[in-house]
Every structure is written in structure tokens, then in C-alpha cells.
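Visitor: What follows is a single structure, and I will ask about it in a moment.
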Amino acid sequence: MPDTSNISFLERVRAILSDLPASERRLAQFTLDFSGDLSSYNASELASLAQVSNATVTRLIRRLEYANYEAARKQIRSERTDDSFTPVNSPLSPGETTLHSHLQESYSKLGNTYRHLSQSALLEASQAISRARQVWLIGLQANYFLAGHFHWHLSKFLPGVRLIPGAGQTVSEYLTDIQHQDVLIIFDLHPRASPMPELIQHLEARCADIVLITDQDYKQRPKTRWSLPCQPGREQLPDNSVAVASLSHLLLSEVLKARGADRRDESAQELAAAEALF
């Protein structure tokens, strides 16, 4: 058997991808798309994320010539580049080092966020927002400003958008106004308010359609309908909000596209109804 110890995990996957059976190919493609995160998951969690069986994970790992899944995770962990940016060949001045460090941190946050983001969840959430009777933006403490930024943009092209709580008020005062045909968009990122988990439970009882933008680990996130992960990278002061700003812009863009599609459908229906009169 040839020595494969110097071949990276990604190289091994790419070398056999086209020859794999369907289920293993789906898993292999998933690892190519999200390879930086694999070391965070055990074999069962990976199977669940890729929507394959545990046996499929085992077969692929053996086909990649690893002794077991833990051996593959060990190599993946050693090859991770989540927290690294393009290497700099020439020495940096102190000022350039500061700029490069900040850029590296921002790159890490953006990369981790988009690797974890589900395209289907993003599209479903944007479509629900575009069709909702009322959209409620919720953020407590520092998150209030993130929700306020989103509210300012969303209210420009969508009616029925509210930012809560108001000054001197609590979210609980609005519970009776929230209905099941509404959509809640909740910003829950570090530093988060301590009563947020209990508050989300109360909100889930009022409205099933919740879009949660959070930096929590997936195992700890509330079971909301659409969870849009926003990875924090290393904790630092002041907070670097580049990832949540990018994710907010992406969601707003998708809502705007969904809104346009809805209007085209309405226009087509109105035209068909008018033509039926003649």
C-alpha cells in the first residue's frame, strides 16, 4: 500500500470523489464544502449534518485509508486554516502588524460564519419574512443596536416592521400583539442578556416562525425554525461585528429578492384575472 501520510485530507477526498457511490459522494462533497469544521464533530454528528448513515461515514473513512474517524479528525485539526490568513512573506512594521492582525480576525469570523450557514434555511427565512403580516426585530442590550440597524434597512422596503422593546419597556409587554402569522428576527450574540433563553421560550409559544441570528454553538442553540449561525472567532474587546454585519446584509438582500418575486407573482395573477374579463 502506498504511503499516504503526507497527503492532506482534502487531497484524498478529491482524488476519489468521482468514483464514489452516491451516499459516499454526498458525504465527501460535504467535507469539501465544510472541511474546516469537521474536527468539531464526532462521526454521528457528521452523519447527521450530511444526512447520511453512520455506516457511510465509516466506509468513506476507510476508503480514504484512515485507521478510523479519529485519525482523520486528527489530521484535519492539524491542517485547519480557519484562523489564518494569507501568509506575509516580508517583515511587517508594528503598524502593518496591527492592520494584518485585524484583517486576519475579520477573515476568520467571515469564513467561519459562511461555512456554517445553511442556504436552505437562509432562503426559507427570507421568504417567510417577505410574506409575514408583521416582522418583529428583537435585541437586548448590545444586540439592540444590531437589531436596530437591520430594522432601519428592512423598513425601507417592507411594511409592518417593528423594533422592540421601546425605551423603558420589555419584550413581555408585546407578547399579546405577536401572532402566529408573524415572523420574529432575534439577535442573540455575545455579550448576550442573561434572560434571553427564557424569553425565546416565551416567544416560541407565541410564534413558530423565528429567525435566530446567534453565535452560540449548534448544540446549545434554541430549537427555533431558522437558526443563522454567526461565528464569533476569538472573543475580544471591543466586539468585532463584521460577521453579523455581513450576514445581515445577506439576509436583507435575500428578503428583497423574495419580495420582488412575490410582487411579480401578484402582477401575473392580476393580469390573468383582468384578461379573464374580456
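Within each chain, counting starts at residue 1; across the C-alpha cells, chains are named A, B, ... in the order shown, with ligands numbered 1 upward in that order.
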Mind listing the alpha helix (DSSP H) residues of range 147-233 of chain A, per DSSP on the backbone, as a count of residues only?
Guide: 19
Visitor: Compile the contact shell of Tyr144 in chain A as a PDB file with N, CA and C atoms, in the first residue's frame: residues with an atom at most 10 Å away, counting only C-alpha atoms, same-chain residues fewer than 5 positions apart removed.
Guide:
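The resulting out-v5.pdb:
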```pdb
ATOM      1  N   LEU A 137     -38.382  42.844  15.187  1.00  0.00           N
ATOM      2  CA  LEU A 137     -36.938  42.801  15.404  1.00  0.00           C
ATOM      3  C   LEU A 137     -36.660  42.915  16.890  1.00  0.00           C
ATOM      4  N   ILE A 138     -35.907  41.944  17.426  1.00  0.00           N
ATOM      5  CA  ILE A 138     -35.668  41.897  18.868  1.00  0.00           C
ATOM      6  C   ILE A 138     -34.179  41.763  19.142  1.00  0.00           C
ATOM      7  N   GLY A 139     -33.691  42.610  20.038  1.00  0.00           N
ATOM      8  CA  GLY A 139     -32.316  42.518  20.501  1.00  0.00           C
ATOM      9  C   GLY A 139     -32.219  43.190  21.859  1.00  0.00           C
ATOM     10  N   HIS A 149     -30.171  48.332  13.399  1.00  0.00           N
ATOM     11  CA  HIS A 149     -29.575  48.512  12.076  1.00  0.00           C
ATOM     12  C   HIS A 149     -30.363  47.715  11.029  1.00  0.00           C
ATOM     13  N   PHE A 150     -30.707  46.477  11.371  1.00  0.00           N
ATOM     14  CA  PHE A 150     -31.477  45.629  10.462  1.00  0.00           C
ATOM     15  C   PHE A 150     -32.859  46.236  10.235  1.00  0.00           C
ATOM     16  N   LEU A 163     -39.404  47.358  15.780  1.00  0.00           N
ATOM     17  CA  LEU A 163     -38.231  47.093  16.621  1.00  0.00           C
ATOM     18  C   LEU A 163     -38.659  47.182  18.071  1.00  0.00           C
ATOM     19  N   ILE A 164     -38.447  46.113  18.818  1.00  0.00           N
ATOM     20  CA  ILE A 164     -38.832  46.097  20.229  1.00  0.00           C
ATOM     21  C   ILE A 164     -37.670  45.564  21.076  1.00  0.00           C
ATOM     22  N   PRO A 165     -37.655  45.903  22.372  1.00  0.00           N
ATOM     23  CA  PRO A 165     -38.599  46.743  23.112  1.00  0.00           C
ATOM     24  C   PRO A 165     -38.292  48.217  22.949  1.00  0.00           C
ATOM     25  N   ILE A 186     -34.506  37.555  15.855  1.00  0.00           N
ATOM     26  CA  ILE A 186     -33.874  37.775  17.152  1.00  0.00           C
ATOM     27  C   ILE A 186     -32.359  37.793  16.987  1.00  0.00           C
ATOM     28  N   PHE A 187     -31.724  38.826  17.491  1.00  0.00           N
ATOM     29  CA  PHE A 187     -30.272  38.914  17.535  1.00  0.00           C
ATOM     30  C   PHE A 187     -29.820  38.495  18.934  1.00  0.00           C
ATOM     31  N   ASP A 188     -29.066  37.409  18.991  1.00  0.00           N
ATOM     32  CA  ASP A 188     -28.621  36.859  20.281  1.00  0.00           C
ATOM     33  C   ASP A 188     -27.141  36.521  20.179  1.00  0.00           C
TER      34      ASP A 188
END
```
Visitor: List the neighbours of His202 in chain A out to 12 Å using only C-alpha atoms; skip same-chain residues closer than 3 positions along the sequence, and give me the result as a compact mmCIF listing (two decimals) with N, CA, C and O atoms, in the first residue's frame.
Guide:
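Contents of part.txt, freshly written:
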```
# COMPACT_ATOMS: atom_id res chain seq x y z
N VAL A 171 -39.85 43.20 26.35
CA VAL A 171 -40.46 42.43 25.27
C VAL A 171 -41.77 41.81 25.72
O VAL A 171 -42.71 41.66 24.93
N SER A 172 -41.88 41.45 27.00
CA SER A 172 -43.09 40.81 27.52
C SER A 172 -44.33 41.66 27.28
O SER A 172 -45.44 41.13 27.13
N GLU A 173 -44.17 42.98 27.25
CA GLU A 173 -45.31 43.87 27.04
C GLU A 173 -45.89 43.75 25.64
O GLU A 173 -47.00 44.22 25.38
N TYR A 174 -45.15 43.12 24.71
CA TYR A 174 -45.60 43.00 23.33
C TYR A 174 -46.14 41.61 23.00
O TYR A 174 -46.60 41.37 21.88
N LEU A 175 -46.06 40.68 23.95
CA LEU A 175 -46.40 39.28 23.65
C LEU A 175 -47.81 39.11 23.11
O LEU A 175 -48.05 38.29 22.22
N THR A 176 -48.76 39.87 23.65
CA THR A 176 -50.14 39.70 23.21
C THR A 176 -50.35 40.21 21.78
O THR A 176 -51.33 39.84 21.12
N ILE A 178 -48.09 39.73 19.31
CA ILE A 178 -47.40 38.84 18.38
C ILE A 178 -48.31 37.67 18.03
O ILE A 178 -48.83 36.99 18.90
N PRO A 195 -31.42 36.85 30.45
CA PRO A 195 -32.78 36.26 30.36
C PRO A 195 -33.17 35.82 28.96
O PRO A 195 -34.30 35.37 28.75
N MET A 196 -32.27 35.89 27.99
CA MET A 196 -32.64 35.60 26.61
C MET A 196 -33.18 34.17 26.41
O MET A 196 -34.19 34.00 25.71
N PRO A 197 -32.57 33.10 26.94
CA PRO A 197 -33.12 31.75 26.72
C PRO A 197 -34.57 31.63 27.17
O PRO A 197 -35.40 31.05 26.44
N GLU A 198 -34.91 32.16 28.33
CA GLU A 198 -36.28 32.10 28.82
C GLU A 198 -37.21 32.93 27.94
O GLU A 198 -38.34 32.52 27.65
N LEU A 199 -36.72 34.08 27.49
CA LEU A 199 -37.53 34.94 26.63
C LEU A 199 -37.83 34.24 25.30
O LEU A 199 -38.96 34.31 24.81
N ALA A 205 -43.74 30.17 22.04
CA ALA A 205 -45.13 29.82 22.33
C ALA A 205 -46.10 30.73 21.59
O ALA A 205 -47.24 30.35 21.31
N ARG A 206 -45.65 31.94 21.26
CA ARG A 206 -46.50 32.89 20.55
C ARG A 206 -46.37 32.79 19.04
O ARG A 206 -47.33 33.04 18.30
N CYS A 207 -45.17 32.45 18.57
CA CYS A 207 -44.91 32.48 17.13
C CYS A 207 -43.89 31.41 16.77
O CYS A 207 -42.80 31.36 17.35
N ALA A 208 -44.25 30.55 15.81
CA ALA A 208 -43.35 29.46 15.42
C ALA A 208 -42.24 29.93 14.50
O ALA A 208 -41.17 29.33 14.45
N ILE A 210 -39.45 31.89 13.83
CA ILE A 210 -38.41 32.69 14.46
C ILE A 210 -37.11 32.52 13.68
O ILE A 210 -36.68 31.41 13.39
N PRO A 222 -31.29 27.40 20.79
CA PRO A 222 -32.71 27.05 20.93
C PRO A 222 -33.21 26.41 19.64
O PRO A 222 -32.69 26.65 18.56
N THR A 224 -35.22 26.90 17.38
CA THR A 224 -36.01 27.80 16.55
C THR A 224 -36.07 27.28 15.12
O THR A 224 -35.26 26.45 14.72
```
Visitor: Could you pull out all residues of range 88-257 of chain A with a DSSP call of strand (DSSP E) and give them as a PyMOL selection string?
Guide: chain A and resi 135-139+161-164+183-188+210-214+226-229
Visitor: Interatomic distance between CA of Ser53 in chain A and CA of Cys230 in chain A?
Guide: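 It comes out at 27.6 Å.
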Visitor: Need to verify the contact set: Val52 in chain A, 10 Å, only C-alpha atoms, exclusion of same-chain residues closer than 4 positions in sequence. Can you return it as a list in words?
Guide: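 Selected residues are Ser23, Glu24, Arg26, Leu27, Ser44, Leu46, Ala47, Ser48, Thr56 and Val57 of chain A.
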Visitor: Residues near range 245-250 of chain A, anyone? I mean within 8 Å using only C-alpha atoms, not counting same-chain ones fewer than 2 positions away, as an MDAnalysis selection string.
Guide: chainID A and resid 110 150 230 241:243 252:254
Visitor: Could those residues be written to a file, using N, CA, C and O atoms, as a PDB file, in the first residue's frame?
Guide:
```pdb
ATOM      1  N   LEU A 110     -15.693  35.864   9.193  1.00  0.00           N
ATOM      2  CA  LEU A 110     -16.492  35.710   7.986  1.00  0.00           C
ATOM      3  C   LEU A 110     -16.443  34.281   7.456  1.00  0.00           C
ATOM      4  O   LEU A 110     -17.468  33.698   7.080  1.00  0.00           O
ATOM      5  N   PHE A 150     -30.707  46.477  11.371  1.00  0.00           N
ATOM      6  CA  PHE A 150     -31.477  45.629  10.462  1.00  0.00           C
ATOM      7  C   PHE A 150     -32.859  46.236  10.235  1.00  0.00           C
ATOM      8  O   PHE A 150     -33.360  46.268   9.104  1.00  0.00           O
ATOM      9  N   CYS A 230     -23.710  32.841  13.418  1.00  0.00           N
ATOM     10  CA  CYS A 230     -22.759  33.918  13.164  1.00  0.00           C
ATOM     11  C   CYS A 230     -21.554  33.661  14.064  1.00  0.00           C
ATOM     12  O   CYS A 230     -21.605  33.914  15.265  1.00  0.00           O
ATOM     13  N   SER A 241     -17.910  43.200  14.829  1.00  0.00           N
ATOM     14  CA  SER A 241     -19.236  42.849  14.311  1.00  0.00           C
ATOM     15  C   SER A 241     -19.243  42.618  12.811  1.00  0.00           C
ATOM     16  O   SER A 241     -20.296  42.674  12.170  1.00  0.00           O
ATOM     17  N   VAL A 242     -18.068  42.342  12.225  1.00  0.00           N
ATOM     18  CA  VAL A 242     -18.003  42.202  10.773  1.00  0.00           C
ATOM     19  C   VAL A 242     -18.861  41.042  10.285  1.00  0.00           C
ATOM     20  O   VAL A 242     -19.512  41.138   9.232  1.00  0.00           O
ATOM     21  N   ALA A 243     -18.909  39.940  11.025  1.00  0.00           N
ATOM     22  CA  ALA A 243     -19.663  38.765  10.574  1.00  0.00           C
ATOM     23  C   ALA A 243     -21.160  39.014  10.621  1.00  0.00           C
ATOM     24  O   ALA A 243     -21.880  38.681   9.675  1.00  0.00           O
ATOM     25  N   LEU A 252     -30.943  40.552   4.262  1.00  0.00           N
ATOM     26  CA  LEU A 252     -31.718  41.652   3.688  1.00  0.00           C
ATOM     27  C   LEU A 252     -31.792  41.535   2.164  1.00  0.00           C
ATOM     28  O   LEU A 252     -32.844  41.770   1.566  1.00  0.00           O
ATOM     29  N   SER A 253     -30.683  41.171   1.540  1.00  0.00           N
ATOM     30  CA  SER A 253     -30.649  41.021   0.088  1.00  0.00           C
ATOM     31  C   SER A 253     -31.592  39.915  -0.370  1.00  0.00           C
ATOM     32  O   SER A 253     -32.308  40.058  -1.376  1.00  0.00           O
ATOM     33  N   GLU A 254     -31.611  38.801   0.380  1.00  0.00           N
ATOM     34  CA  GLU A 254     -32.485  37.689   0.008  1.00  0.00           C
ATOM     35  C   GLU A 254     -33.952  38.049   0.227  1.00  0.00           C
ATOM     36  O   GLU A 254     -34.828  37.633  -0.546  1.00  0.00           O
TER      37      GLU A 254
END
```
Visitor: Skipping near chain neighbours, those fewer than 5 positions away, what residues fall within 8 Å of Leu38 in chain A using only C-alpha atoms, listed as a VMD selection string?
Guide: chain A and resid 31 46 73 76
Visitor: Counting only C-alpha atoms, figure out which residue out of A:Arg131, A:Arg62, A:His102, A:Arg25 gets nearest to Ala258 in chain A.
Guide: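 Of A:Arg131, A:Arg62, A:His102, A:Arg25, the one nearest Ala258 in chain A is A:Arg131, counting only C-alpha atoms.
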